[in-house]
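Have a look at protein-v7.pdb; it's PDB, C-alpha atoms:
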```pdb
ATOM      1  CA  MET A   1       0.000   0.000   0.000
ATOM      2  CA  THR A   2       1.384   3.408  -0.894
ATOM      3  CA  LYS A   3       1.814   6.065   1.749
ATOM      4  CA  THR A   4      -0.855   8.205   0.112
ATOM      5  CA  ALA A   5      -3.377   5.381   0.034
ATOM      6  CA  ARG A   6      -2.693   4.641   3.669
ATOM      7  CA  GLN A   7      -3.063   8.287   4.727
ATOM      8  CA  ARG A   8      -6.222   8.780   2.694
ATOM      9  CA  SER A   9      -8.008   6.083   4.608
ATOM     10  CA  THR A  10      -6.782   6.717   8.133
ATOM     11  CA  CYS A  11      -7.208  10.405   9.062
ATOM     12  CA  PRO A  12      -9.869  10.264  11.788
ATOM     13  CA  ILE A  13     -11.533  13.483  10.612
ATOM     14  CA  ARG A  14     -11.741  12.208   7.060
ATOM     15  CA  TYR A  15     -13.202   8.921   8.347
ATOM     16  CA  SER A  16     -15.970  10.827  10.133
ATOM     17  CA  LEU A  17     -16.609  13.210   7.239
ATOM     18  CA  ASP A  18     -16.958  10.306   4.801
ATOM     19  CA  LEU A  19     -19.948   9.278   6.902
ATOM     20  CA  PHE A  20     -21.529  12.536   8.070
ATOM     21  CA  GLY A  21     -19.522  15.396   6.536
ATOM     22  CA  ASP A  22     -22.367  17.007   4.649
ATOM     23  CA  ARG A  23     -25.064  19.444   5.580
ATOM     24  CA  TRP A  24     -28.016  17.130   4.907
ATOM     25  CA  THR A  25     -26.715  14.202   6.926
ATOM     26  CA  LEU A  26     -26.015  16.507   9.864
ATOM     27  CA  LEU A  27     -29.489  18.061   9.627
ATOM     28  CA  VAL A  28     -31.092  14.580   9.594
ATOM     29  CA  LEU A  29     -29.008  13.633  12.648
ATOM     30  CA  ARG A  30     -30.150  16.852  14.340
ATOM     31  CA  ASP A  31     -33.783  15.927  13.651
ATOM     32  CA  LEU A  32     -33.272  12.390  14.988
ATOM     33  CA  VAL A  33     -31.263  13.178  18.100
ATOM     34  CA  LEU A  34     -32.349  16.647  19.167
ATOM     35  CA  HIS A  35     -35.915  16.803  17.802
ATOM     36  CA  GLY A  36     -36.888  13.143  18.198
ATOM     37  CA  LYS A  37     -38.167  12.795  14.622
ATOM     38  CA  THR A  38     -38.722   9.236  13.401
ATOM     39  CA  HIS A  39     -40.684   9.294  10.114
ATOM     40  CA  PHE A  40     -39.738  10.155   6.548
ATOM     41  CA  GLY A  41     -42.454  12.801   6.337
ATOM     42  CA  GLU A  42     -41.225  14.470   9.512
ATOM     43  CA  PHE A  43     -37.695  14.848   8.126
ATOM     44  CA  LEU A  44     -39.119  16.173   4.841
ATOM     45  CA  ALA A  45     -41.125  18.775   6.757
ATOM     46  CA  SER A  46     -38.078  20.384   8.377
ATOM     47  CA  ASP A  47     -37.539  24.017   7.503
ATOM     48  CA  GLU A  48     -34.491  23.285   5.378
ATOM     49  CA  ARG A  49     -36.673  21.357   2.900
ATOM     50  CA  ILE A  50     -34.481  18.379   2.159
ATOM     51  CA  ALA A  51     -35.320  16.722  -1.188
ATOM     52  CA  SER A  52     -36.889  13.267  -0.823
ATOM     53  CA  ASN A  53     -34.211  11.515  -2.925
ATOM     54  CA  ILE A  54     -31.436  13.057  -0.826
ATOM     55  CA  LEU A  55     -33.269  12.115   2.382
ATOM     56  CA  ALA A  56     -33.729   8.501   1.191
ATOM     57  CA  ASP A  57     -30.027   8.301   0.316
ATOM     58  CA  ARG A  58     -28.880   9.699   3.656
ATOM     59  CA  LEU A  59     -31.162   7.430   5.701
ATOM     60  CA  ALA A  60     -29.888   4.373   3.787
ATOM     61  CA  ARG A  61     -26.265   5.409   4.406
ATOM     62  CA  LEU A  62     -26.905   5.988   8.108
ATOM     63  CA  GLU A  63     -28.581   2.578   8.385
ATOM     64  CA  ARG A  64     -25.661   0.830   6.618
ATOM     65  CA  ALA A  65     -23.263   2.528   9.043
ATOM     66  CA  GLY A  66     -25.256   1.302  12.057
ATOM     67  CA  ILE A  67     -26.215   4.861  13.069
ATOM     68  CA  ILE A  68     -29.969   4.293  12.708
ATOM     69  CA  THR A  69     -32.409   1.402  12.428
ATOM     70  CA  ARG A  70     -35.391   1.434  10.051
ATOM     71  CA  ARG A  71     -38.308  -0.875  10.711
ATOM     72  CA  PRO A  72     -42.054  -0.938  10.073
ATOM     73  CA  ASP A  73     -43.839   1.341  12.496
ATOM     74  CA  PRO A  74     -45.833  -0.884  14.920
ATOM     75  CA  ASP A  75     -48.625   1.730  14.807
ATOM     76  CA  ASP A  76     -48.819   1.722  11.002
ATOM     77  CA  ARG A  77     -46.816  -1.008   9.356
ATOM     78  CA  ARG A  78     -46.952   0.642   5.914
ATOM     79  CA  ARG A  79     -44.641   3.324   7.303
ATOM     80  CA  GLN A  80     -41.022   3.008   8.356
ATOM     81  CA  LYS A  81     -39.843   4.236  11.714
ATOM     82  CA  CYS A  82     -36.248   5.489  12.031
ATOM     83  CA  ARG A  83     -34.507   5.306  15.397
ATOM     84  CA  ILE A  84     -31.043   6.290  16.444
ATOM     85  CA  THR A  85     -28.787   3.471  17.707
ATOM     86  CA  GLU A  86     -26.360   3.498  20.625
ATOM     87  CA  LYS A  87     -23.564   4.058  18.100
ATOM     88  CA  GLY A  88     -25.521   6.910  16.563
ATOM     89  CA  LEU A  89     -26.018   8.488  19.941
ATOM     90  CA  THR A  90     -22.253   8.861  20.326
ATOM     91  CA  LEU A  91     -22.571  11.610  17.695
ATOM     92  CA  THR A  92     -24.549  13.783  20.132
ATOM     93  CA  PRO A  93     -21.479  15.767  21.279
ATOM     94  CA  VAL A  94     -20.634  16.555  17.629
ATOM     95  CA  LEU A  95     -24.148  17.974  17.162
ATOM     96  CA  LEU A  96     -24.035  19.890  20.446
ATOM     97  CA  GLU A  97     -20.649  21.460  19.599
ATOM     98  CA  ILE A  98     -22.040  22.600  16.246
ATOM     99  CA  ALA A  99     -25.173  23.919  17.971
ATOM    100  CA  ALA A 100     -23.242  25.741  20.700
ATOM    101  CA  TRP A 101     -21.016  27.425  18.126
ATOM    102  CA  GLY A 102     -24.027  28.600  16.135
ATOM    103  CA  ALA A 103     -25.833  29.797  19.254
ATOM    104  CA  SER A 104     -22.721  31.742  20.319
ATOM    105  CA  ASN A 105     -22.191  33.415  16.975
ATOM    106  CA  ASP A 106     -25.730  34.192  15.782
ATOM    107  CA  SER A 107     -27.357  37.119  17.554
ATOM    108  CA  GLN A 108     -30.724  35.976  16.137
ATOM    109  CA  THR A 109     -30.412  32.403  17.416
ATOM    110  CA  SER A 110     -33.486  30.491  18.523
ATOM    111  CA  ALA A 111     -31.385  28.420  20.953
ATOM    112  CA  PRO A 112     -32.528  28.679  24.586
ATOM    113  CA  SER A 113     -30.938  31.598  26.398
ATOM    114  CA  GLY A 114     -27.783  30.492  28.192
ATOM    115  CA  PHE A 115     -27.494  27.197  26.307
ATOM    116  CA  ALA A 116     -24.033  27.851  24.855
ATOM    117  CA  ALA A 117     -22.686  29.387  28.081
ATOM    118  CA  HIS A 118     -23.979  26.427  30.102
ATOM    119  CA  TYR A 119     -22.612  23.959  27.561
ATOM    120  CA  TYR A 120     -19.149  25.518  27.289
ATOM    121  CA  ALA A 121     -18.847  25.973  31.065
ATOM    122  CA  ASP A 122     -19.109  22.233  31.736
ATOM    123  CA  ARG A 123     -19.663  19.833  28.853
ATOM    124  CA  ALA A 124     -19.514  16.776  31.109
ATOM    125  CA  ALA A 125     -22.308  18.135  33.307
ATOM    126  CA  PHE A 126     -24.346  19.009  30.228
ATOM    127  CA  TYR A 127     -24.052  15.475  28.824
ATOM    128  CA  ARG A 128     -24.916  14.043  32.249
ATOM    129  CA  ASP A 129     -27.954  16.314  32.742
ATOM    130  CA  HIS A 130     -29.328  15.870  29.232
ATOM    131  CA  GLY A 131     -28.045  12.403  28.453
ATOM    132  CA  ARG A 132     -30.988  10.480  29.874
ATOM    133  CA  LEU A 133     -33.430  12.581  27.890
ATOM    134  CA  ILE A 134     -31.548  11.964  24.656
ATOM    135  CA  ALA A 135     -30.893   8.282  25.472
ATOM    136  CA  ALA A 136     -34.658   7.738  25.612
ATOM    137  CA  LEU A 137     -34.602   8.068  21.813
ATOM    138  CA  VAL A 138     -32.322   5.072  21.345
ATOM    139  CA  ASP A 139     -33.613   1.992  19.634
ATOM    140  CA  ASP A 140     -33.052  -0.546  22.398
ATOM    141  CA  ASP A 141     -34.380  -3.541  20.498
ATOM    142  CA  GLU A 142     -31.534  -6.012  20.953
ATOM    143  CA  ALA A 143     -32.648  -8.260  18.103
ATOM    144  CA  ALA A 144     -32.559  -5.351  15.686
ATOM    145  CA  SER A 145     -29.147  -4.304  16.916
ATOM    146  CA  ARG A 146     -27.775  -7.807  16.453
ATOM    147  CA  GLU A 147     -29.266  -7.995  12.983
ATOM    148  CA  LEU A 148     -27.628  -4.697  12.103
ATOM    149  CA  ARG A 149     -24.249  -5.779  13.457
ATOM    150  CA  SER A 150     -24.348  -9.094  11.592
ATOM    151  CA  ARG A 151     -24.791  -7.510   8.145
TER     152      ARG A 151
ATOM    153  CA  MET B   1     -41.487  37.809   8.518
ATOM    154  CA  THR B   2     -43.187  34.441   8.214
ATOM    155  CA  LYS B   3     -42.659  31.769  10.836
ATOM    156  CA  THR B   4     -40.855  29.622   8.292
ATOM    157  CA  ALA B   5     -38.483  32.418   7.315
ATOM    158  CA  ARG B   6     -37.766  33.101  10.959
ATOM    159  CA  GLN B   7     -37.098  29.465  11.787
ATOM    160  CA  ARG B   8     -34.929  28.954   8.724
ATOM    161  CA  SER B   9     -32.547  31.614   9.906
ATOM    162  CA  THR B  10     -32.380  30.881  13.617
ATOM    163  CA  CYS B  11     -31.641  27.161  14.214
ATOM    164  CA  PRO B  12     -28.122  27.231  15.700
ATOM    165  CA  ILE B  13     -27.065  24.056  13.886
ATOM    166  CA  ARG B  14     -28.244  25.408  10.575
ATOM    167  CA  TYR B  15     -26.389  28.673  11.270
ATOM    168  CA  SER B  16     -23.158  26.732  11.791
ATOM    169  CA  LEU B  17     -23.698  24.428   8.810
ATOM    170  CA  ASP B  18     -24.311  27.399   6.498
ATOM    171  CA  LEU B  19     -20.733  28.388   7.300
ATOM    172  CA  PHE B  20     -18.832  25.113   7.688
ATOM    173  CA  GLY B  21     -21.285  22.280   6.979
ATOM    174  CA  ASP B  22     -19.419  20.726   4.081
ATOM    175  CA  ARG B  23     -16.591  18.285   3.832
ATOM    176  CA  TRP B  24     -14.122  20.625   2.122
ATOM    177  CA  THR B  25     -14.519  23.498   4.556
ATOM    178  CA  LEU B  26     -14.031  21.123   7.477
ATOM    179  CA  LEU B  27     -10.926  19.596   5.882
ATOM    180  CA  VAL B  28      -9.451  23.077   5.300
ATOM    181  CA  LEU B  29     -10.178  23.941   8.950
ATOM    182  CA  ARG B  30      -8.477  20.686   9.995
ATOM    183  CA  ASP B  31      -5.400  21.650   7.962
ATOM    184  CA  LEU B  32      -5.334  25.148   9.479
ATOM    185  CA  VAL B  33      -5.992  24.295  13.116
ATOM    186  CA  LEU B  34      -4.582  20.795  13.594
ATOM    187  CA  HIS B  35      -1.828  20.692  10.941
ATOM    188  CA  GLY B  36      -0.759  24.352  11.019
ATOM    189  CA  LYS B  37      -0.973  24.786   7.224
ATOM    190  CA  THR B  38      -0.919  28.373   5.965
ATOM    191  CA  HIS B  39      -0.391  28.410   2.178
ATOM    192  CA  PHE B  40      -2.647  27.625  -0.765
ATOM    193  CA  GLY B  41      -0.230  25.000  -2.066
ATOM    194  CA  GLU B  42      -0.138  23.251   1.304
ATOM    195  CA  PHE B  43      -3.933  22.871   1.379
ATOM    196  CA  LEU B  44      -3.899  21.643  -2.230
ATOM    197  CA  ALA B  45      -1.316  19.000  -1.304
ATOM    198  CA  SER B  46      -3.512  17.331   1.341
ATOM    199  CA  ASP B  47      -4.363  13.715   0.656
ATOM    200  CA  GLU B  48      -7.988  14.497  -0.109
ATOM    201  CA  ARG B  49      -6.914  16.506  -3.186
ATOM    202  CA  ILE B  50      -9.213  19.484  -2.964
ATOM    203  CA  ALA B  51      -9.742  21.220  -6.324
ATOM    204  CA  SER B  52      -8.140  24.664  -6.523
ATOM    205  CA  ASN B  53     -11.405  26.447  -7.389
ATOM    206  CA  ILE B  54     -13.165  24.854  -4.394
ATOM    207  CA  LEU B  55     -10.232  25.735  -2.137
ATOM    208  CA  ALA B  56     -10.253  29.369  -3.325
ATOM    209  CA  ASP B  57     -14.011  29.560  -2.697
ATOM    210  CA  ARG B  58     -13.779  28.089   0.804
ATOM    211  CA  LEU B  59     -10.873  30.323   1.849
ATOM    212  CA  ALA B  60     -12.769  33.407   0.638
ATOM    213  CA  ARG B  61     -15.876  32.351   2.599
ATOM    214  CA  LEU B  62     -13.850  31.677   5.744
ATOM    215  CA  GLU B  63     -12.196  35.087   5.418
ATOM    216  CA  ARG B  64     -15.547  36.865   4.980
ATOM    217  CA  ALA B  65     -16.823  35.090   8.113
ATOM    218  CA  GLY B  66     -13.814  36.261  10.141
ATOM    219  CA  ILE B  67     -12.557  32.692  10.621
ATOM    220  CA  ILE B  68      -9.234  33.277   8.837
ATOM    221  CA  THR B  69      -7.081  36.191   7.702
ATOM    222  CA  ARG B  70      -5.256  36.240   4.363
ATOM    223  CA  ARG B  71      -2.327  38.549   3.894
ATOM    224  CA  PRO B  72       0.879  38.651   1.853
ATOM    225  CA  ASP B  73       3.478  36.309   3.340
ATOM    226  CA  PRO B  74       6.250  38.514   4.840
ATOM    227  CA  ASP B  75       8.777  35.928   3.592
ATOM    228  CA  ASP B  76       7.466  36.023   0.010
ATOM    229  CA  ARG B  77       4.990  38.787  -0.667
ATOM    230  CA  ARG B  78       3.814  37.220  -3.924
ATOM    231  CA  ARG B  79       2.204  34.484  -1.817
ATOM    232  CA  GLN B  80      -0.738  34.740   0.582
ATOM    233  CA  LYS B  81      -0.518  33.418   4.100
ATOM    234  CA  CYS B  82      -3.701  32.146   5.756
ATOM    235  CA  ARG B  83      -4.008  32.238   9.537
ATOM    236  CA  ILE B  84      -6.805  31.207  11.820
ATOM    237  CA  THR B  85      -8.390  33.999  13.924
ATOM    238  CA  GLU B  86      -9.485  33.880  17.565
ATOM    239  CA  LYS B  87     -13.028  33.359  16.312
ATOM    240  CA  GLY B  88     -11.851  30.546  14.066
ATOM    241  CA  LEU B  89     -10.069  28.899  16.949
ATOM    242  CA  THR B  90     -13.389  28.500  18.761
ATOM    243  CA  LEU B  91     -14.142  25.810  16.154
ATOM    244  CA  THR B  92     -11.367  23.597  17.586
ATOM    245  CA  PRO B  93     -13.774  21.564  19.787
ATOM    246  CA  VAL B  94     -15.969  20.858  16.739
ATOM    247  CA  LEU B  95     -12.915  19.479  14.900
ATOM    248  CA  LEU B  96     -11.764  17.474  17.927
ATOM    249  CA  GLU B  97     -15.215  15.903  18.426
ATOM    250  CA  ILE B  98     -15.240  14.854  14.768
ATOM    251  CA  ALA B  99     -11.695  13.504  15.106
ATOM    252  CA  ALA B 100     -12.408  11.615  18.332
ATOM    253  CA  TRP B 101     -15.467   9.971  16.796
ATOM    254  CA  GLY B 102     -13.473   8.863  13.753
ATOM    255  CA  ALA B 103     -10.604   7.603  15.893
ATOM    256  CA  SER B 104     -13.057   5.618  18.047
ATOM    257  CA  ASN B 105     -14.865   4.011  15.134
ATOM    258  CA  ASP B 106     -12.071   3.300  12.632
ATOM    259  CA  SER B 107      -9.897   0.341  13.562
ATOM    260  CA  GLN B 108      -7.342   1.557  10.966
ATOM    261  CA  THR B 109      -7.127   5.077  12.364
ATOM    262  CA  SER B 110      -3.856   6.979  12.222
ATOM    263  CA  ALA B 111      -4.820   8.979  15.324
ATOM    264  CA  PRO B 112      -2.361   8.645  18.216
ATOM    265  CA  SER B 113      -3.131   5.693  20.436
ATOM    266  CA  GLY B 114      -5.323   6.712  23.345
ATOM    267  CA  PHE B 115      -6.311  10.051  21.801
ATOM    268  CA  ALA B 116     -10.075   9.416  21.804
ATOM    269  CA  ALA B 117     -10.070   7.804  25.261
ATOM    270  CA  HIS B 118      -8.080  10.719  26.693
ATOM    271  CA  TYR B 119     -10.319  13.238  24.936
ATOM    272  CA  TYR B 120     -13.618  11.670  25.999
ATOM    273  CA  ALA B 121     -12.426  11.116  29.587
ATOM    274  CA  ASP B 122     -11.914  14.833  30.185
ATOM    275  CA  ARG B 123     -12.513  17.294  27.371
ATOM    276  CA  ALA B 124     -11.762  20.319  29.580
ATOM    277  CA  ALA B 125      -8.329  18.916  30.474
ATOM    278  CA  PHE B 126      -7.658  18.127  26.823
ATOM    279  CA  TYR B 127      -8.473  21.688  25.725
ATOM    280  CA  ARG B 128      -6.336  23.046  28.571
ATOM    281  CA  ASP B 129      -3.355  20.798  27.806
ATOM    282  CA  HIS B 130      -3.434  21.329  24.042
ATOM    283  CA  GLY B 131      -4.922  24.822  23.913
ATOM    284  CA  ARG B 132      -1.659  26.715  24.118
ATOM    285  CA  LEU B 133      -0.169  24.690  21.290
ATOM    286  CA  ILE B 134      -3.155  25.362  19.069
ATOM    287  CA  ALA B 135      -3.425  29.011  20.158
ATOM    288  CA  ALA B 136       0.101  29.580  18.825
ATOM    289  CA  LEU B 137      -1.430  29.332  15.350
ATOM    290  CA  VAL B 138      -3.703  32.322  15.868
ATOM    291  CA  ASP B 139      -3.164  35.449  13.872
ATOM    292  CA  ASP B 140      -2.561  37.889  16.695
ATOM    293  CA  ASP B 141      -2.059  40.938  14.516
ATOM    294  CA  GLU B 142      -4.472  43.369  16.152
ATOM    295  CA  ALA B 143      -4.597  45.709  13.167
ATOM    296  CA  ALA B 144      -5.668  42.877  10.890
ATOM    297  CA  SER B 145      -8.302  41.738  13.362
ATOM    298  CA  ARG B 146      -9.725  45.237  13.633
ATOM    299  CA  GLU B 147      -9.762  45.578   9.869
ATOM    300  CA  LEU B 148     -11.614  42.282   9.597
ATOM    301  CA  ARG B 149     -14.164  43.257  12.227
ATOM    302  CA  SER B 150     -14.846  46.615  10.593
ATOM    303  CA  ARG B 151     -15.826  45.089   7.224
TER     304      ARG B 151
END
```
Mind turning this structure into structure tokens?
Amino acid sequence: MTKTARQRSTCPIRYSLDLFGDRWTLLVLRDLVLHGKTHFGEFLASDERIASNILADRLARLERAGIITRRPDPDDRRRQKCRITEKGLTLTPVLLEIAAWGASNDSQTSAPSGFAAHYYADRAAFYRDHGRLIAALVDDDEAASRELRSR
Amino acid sequence: MTKTARQRSTCPIRYSLDLFGDRWTLLVLRDLVLHGKTHFGEFLASDERIASNILADRLARLERAGIITRRPDPDDRRRQKCRITEKGLTLTPVLLEIAAWGASNDSQTSAPSGFAAHYYADRAAFYRDHGRLIAALVDDDEAASRELRSR
């Protein structure tokens, strides 16, 4: 293997960006983790107006990477329900850093007052205080997780 | 202003992504902040092989946003030297979260052994220990900063 080939595949930032380094993937992750959205139509309805073909592509990529599960909604089996996985939830700090930066730099932000100051003052406390709330979103179906891991 | 127009402009994640929510901008920020690159040719030479027109566009956007300065290199005034600003340096935690996630999830990572574990165990200590090193990259020319702010 050449040096260039080795380096291309092993930079940790590049590894992450290959998976979620685009605006639409990050907005879908925001909707999943911070807004608790689960259905295709809910993602489509976000203010940024993602196109349905882009949304379908990003959800499929996130499922292949083990970041989300997609299964028939028990309440309406014609619809798919998307849930974040435990692995996906480890992206929460990435989303919160991006959110805190935006809240700090945009005087018109809709973020709750004091969010960025609270977050920057003690990230560990923030994750601890809000972690249980966010963890409630996780797909904890063990069978589904095993199925995903075995692919 | 309609509700939709208001919401479109005020989500803190969207605000951030409008500025740096694409792979190339984040890779240029990585090169500036974590690799200390300063010259156009150095960014072009990164393994990801950014196209020169995309690089020129991203550097201009980062300069307009006050994230970098671009001035003639004192050592060779035909060349421009890019430096991160204090504002730009506040993006370091975003880059480190992305890096730590990649290092944790890629078994082939080139990140230093223990980096992600050390980072996740105590982010505040990590920023404190490495902050001075990274801060040495900042363009501390006050005149340039004032000029940038007054635009």
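Evaluated against this file, the PyMOL selection byres ((chain B and resi 106-123) around 9) yields Arg6, Gln7, Ser9, Thr10, Cys11, Pro12, Tyr15, Ser16, Arg123 and Ala124 of chain A; Pro93, Leu96, Glu97, Ala99, Ala100, Trp101, Gly102, Ala103, Ser104, Asn105, Ala124, Ala125, Phe126, Tyr127 and Arg128 of chain B.
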Hey, what comes out of the PyMOL selection byres ((chain B and resi 78-88) around 7) on this file? Could you write it as a ChimeraX atom specification?
/B:32,38-39,66-73,76-77,89-91,137-139
How big is the axis-aligned box around the listed atoms of range 26-39 of chain B once 3 Å is added on each side, and where is its centre? Give both in Å to one decimal, as JSON.
```
{"center_x": -7.2, "center_y": 24.0, "center_z": 7.9, "size_x": 19.6, "size_y": 14.8, "size_z": 17.4}
```
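Of the residues under consideration (B:Val94, B:Ala60, B:Ile134, B:Ile54), B:Val94 shows the shortest atom-to-atom contact distance to Leu17 in chain B when counting all atoms listed in the file.
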If chain B is fitted onto chain A by least squares over all C-alpha atoms, taken pair by pair in sequence order, what do its new coordinates look like as a short mmCIF file (atom, residue, chain, number, x, y, z; two decimals) with C-alpha atoms, in the frame of the given file?
```
data_model
loop_
_atom_site.label_atom_id
_atom_site.label_comp_id
_atom_site.auth_asym_id
_atom_site.auth_seq_id
_atom_site.Cartn_x
_atom_site.Cartn_y
_atom_site.Cartn_z
CA MET B 1 -0.37 -0.06 -0.22
CA THR B 2 1.10 3.32 -1.08
CA LYS B 3 1.64 5.93 1.61
CA THR B 4 -1.00 8.13 0.02
CA ALA B 5 -3.58 5.35 -0.03
CA ARG B 6 -2.83 4.57 3.59
CA GLN B 7 -3.11 8.18 4.70
CA ARG B 8 -6.29 8.76 2.73
CA SER B 9 -8.04 6.06 4.67
CA THR B 10 -6.76 6.70 8.18
CA CYS B 11 -7.19 10.40 9.10
CA PRO B 12 -9.86 10.28 11.83
CA ILE B 13 -11.52 13.49 10.65
CA ARG B 14 -11.72 12.22 7.11
CA TYR B 15 -13.18 8.93 8.39
CA SER B 16 -15.95 10.85 10.17
CA LEU B 17 -16.59 13.23 7.27
CA ASP B 18 -16.94 10.31 4.82
CA LEU B 19 -19.93 9.29 6.93
CA PHE B 20 -21.52 12.54 8.10
CA GLY B 21 -19.51 15.41 6.56
CA ASP B 22 -22.35 17.02 4.65
CA ARG B 23 -25.04 19.45 5.58
CA TRP B 24 -27.99 17.14 4.90
CA THR B 25 -26.70 14.21 6.92
CA LEU B 26 -26.00 16.51 9.86
CA LEU B 27 -29.48 18.06 9.63
CA VAL B 28 -31.08 14.59 9.58
CA LEU B 29 -29.00 13.64 12.64
CA ARG B 30 -30.15 16.86 14.34
CA ASP B 31 -33.78 15.93 13.64
CA LEU B 32 -33.27 12.40 14.98
CA VAL B 33 -31.25 13.17 18.09
CA LEU B 34 -32.34 16.65 19.17
CA HIS B 35 -35.91 16.80 17.79
CA GLY B 36 -36.88 13.14 18.19
CA LYS B 37 -38.16 12.80 14.60
CA THR B 38 -38.71 9.24 13.37
CA HIS B 39 -40.67 9.29 10.08
CA PHE B 40 -39.72 10.16 6.52
CA GLY B 41 -42.44 12.80 6.32
CA GLU B 42 -41.21 14.47 9.50
CA PHE B 43 -37.68 14.87 8.11
CA LEU B 44 -39.11 16.18 4.83
CA ALA B 45 -41.12 18.79 6.74
CA SER B 46 -38.06 20.40 8.37
CA ASP B 47 -37.52 24.04 7.50
CA GLU B 48 -34.48 23.29 5.37
CA ARG B 49 -36.67 21.36 2.90
CA ILE B 50 -34.48 18.38 2.14
CA ALA B 51 -35.30 16.73 -1.20
CA SER B 52 -36.87 13.29 -0.85
CA ASN B 53 -34.21 11.54 -2.95
CA ILE B 54 -31.42 13.07 -0.84
CA LEU B 55 -33.25 12.12 2.36
CA ALA B 56 -33.71 8.52 1.17
CA ASP B 57 -30.00 8.33 0.29
CA ARG B 58 -28.86 9.71 3.64
CA LEU B 59 -31.14 7.44 5.67
CA ALA B 60 -29.88 4.39 3.75
CA ARG B 61 -26.25 5.42 4.38
CA LEU B 62 -26.89 6.01 8.08
CA GLU B 63 -28.56 2.60 8.33
CA ARG B 64 -25.65 0.85 6.59
CA ALA B 65 -23.25 2.55 9.03
CA GLY B 66 -25.25 1.32 12.03
CA ILE B 67 -26.20 4.87 13.05
CA ILE B 68 -29.96 4.31 12.68
CA THR B 69 -32.40 1.41 12.39
CA ARG B 70 -35.37 1.44 10.02
CA ARG B 71 -38.27 -0.88 10.67
CA PRO B 72 -42.01 -0.94 10.03
CA ASP B 73 -43.82 1.35 12.46
CA PRO B 74 -45.81 -0.91 14.86
CA ASP B 75 -48.61 1.70 14.75
CA ASP B 76 -48.79 1.70 10.94
CA ARG B 77 -46.78 -1.04 9.29
CA ARG B 78 -46.95 0.61 5.87
CA ARG B 79 -44.64 3.30 7.26
CA GLN B 80 -41.00 3.00 8.32
CA LYS B 81 -39.83 4.24 11.68
CA CYS B 82 -36.25 5.49 12.01
CA ARG B 83 -34.50 5.30 15.37
CA ILE B 84 -31.03 6.29 16.42
CA THR B 85 -28.77 3.46 17.67
CA GLU B 86 -26.35 3.49 20.61
CA LYS B 87 -23.57 4.06 18.09
CA GLY B 88 -25.51 6.92 16.55
CA LEU B 89 -26.03 8.49 19.94
CA THR B 90 -22.26 8.86 20.33
CA LEU B 91 -22.56 11.62 17.70
CA THR B 92 -24.56 13.78 20.15
CA PRO B 93 -21.48 15.77 21.30
CA VAL B 94 -20.63 16.56 17.65
CA LEU B 95 -24.15 17.97 17.17
CA LEU B 96 -24.03 19.90 20.46
CA GLU B 97 -20.65 21.47 19.62
CA ILE B 98 -22.03 22.61 16.26
CA ALA B 99 -25.17 23.93 17.98
CA ALA B 100 -23.25 25.75 20.73
CA TRP B 101 -21.02 27.44 18.16
CA GLY B 102 -24.03 28.62 16.16
CA ALA B 103 -25.84 29.81 19.27
CA SER B 104 -22.73 31.75 20.36
CA ASN B 105 -22.18 33.44 17.01
CA ASP B 106 -25.73 34.20 15.80
CA SER B 107 -27.36 37.12 17.58
CA GLN B 108 -30.72 35.96 16.14
CA THR B 109 -30.40 32.40 17.43
CA SER B 110 -33.48 30.49 18.52
CA ALA B 111 -31.40 28.42 20.96
CA PRO B 112 -32.54 28.67 24.58
CA SER B 113 -30.96 31.57 26.40
CA GLY B 114 -27.82 30.49 28.21
CA PHE B 115 -27.52 27.20 26.32
CA ALA B 116 -24.04 27.85 24.88
CA ALA B 117 -22.70 29.38 28.11
CA HIS B 118 -24.00 26.42 30.13
CA TYR B 119 -22.63 23.95 27.58
CA TYR B 120 -19.16 25.51 27.32
CA ALA B 121 -18.87 25.97 31.10
CA ASP B 122 -19.13 22.24 31.76
CA ARG B 123 -19.68 19.85 28.88
CA ALA B 124 -19.53 16.77 31.13
CA ALA B 125 -22.34 18.13 33.32
CA PHE B 126 -24.37 19.01 30.23
CA TYR B 127 -24.06 15.48 28.82
CA ARG B 128 -24.94 14.04 32.24
CA ASP B 129 -27.97 16.29 32.74
CA HIS B 130 -29.36 15.85 29.23
CA GLY B 131 -28.05 12.37 28.45
CA ARG B 132 -30.99 10.46 29.85
CA LEU B 133 -33.45 12.54 27.87
CA ILE B 134 -31.56 11.94 24.65
CA ALA B 135 -30.91 8.27 25.46
CA ALA B 136 -34.68 7.71 25.59
CA LEU B 137 -34.61 8.05 21.80
CA VAL B 138 -32.33 5.06 21.32
CA ASP B 139 -33.62 1.98 19.62
CA ASP B 140 -33.09 -0.53 22.39
CA ASP B 141 -34.41 -3.52 20.50
CA GLU B 142 -31.57 -5.98 21.02
CA ALA B 143 -32.62 -8.25 18.16
CA ALA B 144 -32.50 -5.36 15.72
CA SER B 145 -29.11 -4.27 17.00
CA ARG B 146 -27.71 -7.76 16.62
CA GLU B 147 -29.13 -8.01 13.12
CA LEU B 148 -27.52 -4.70 12.24
CA ARG B 149 -24.15 -5.73 13.65
CA SER B 150 -24.17 -9.04 11.80
CA ARG B 151 -24.57 -7.43 8.35
#
```
Computed interatomic separation between CA of Thr92 in chain A and CA of Ser52 in chain A (Å):
24.3 Å
Contacts of Thr25 in chain B within 7 Å, all atoms listed in the file, excl. fewer than 4 positions in-chain, as a list in words:
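Non-adjacent residues within range: Phe20, Leu29 and Arg58 of chain B.
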How many Å lie between CA of Arg61 in chain B and CA of Leu19 in chain B, rounded to one decimal?
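Taking CA of Arg61 in chain B as the start and CA of Leu19 in chain B as the end point, the length is 7.8 Å.
Rounded to one decimal, CA of Ile50 in chain B and CA of Trp24 in chain B lie 7.2 Å from each other.
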Nearest to chain A, restricted to all atoms listed in the file and choosing among B:Leu55, B:Leu62, B:Leu44, B:Leu26, comes out as B:Leu26
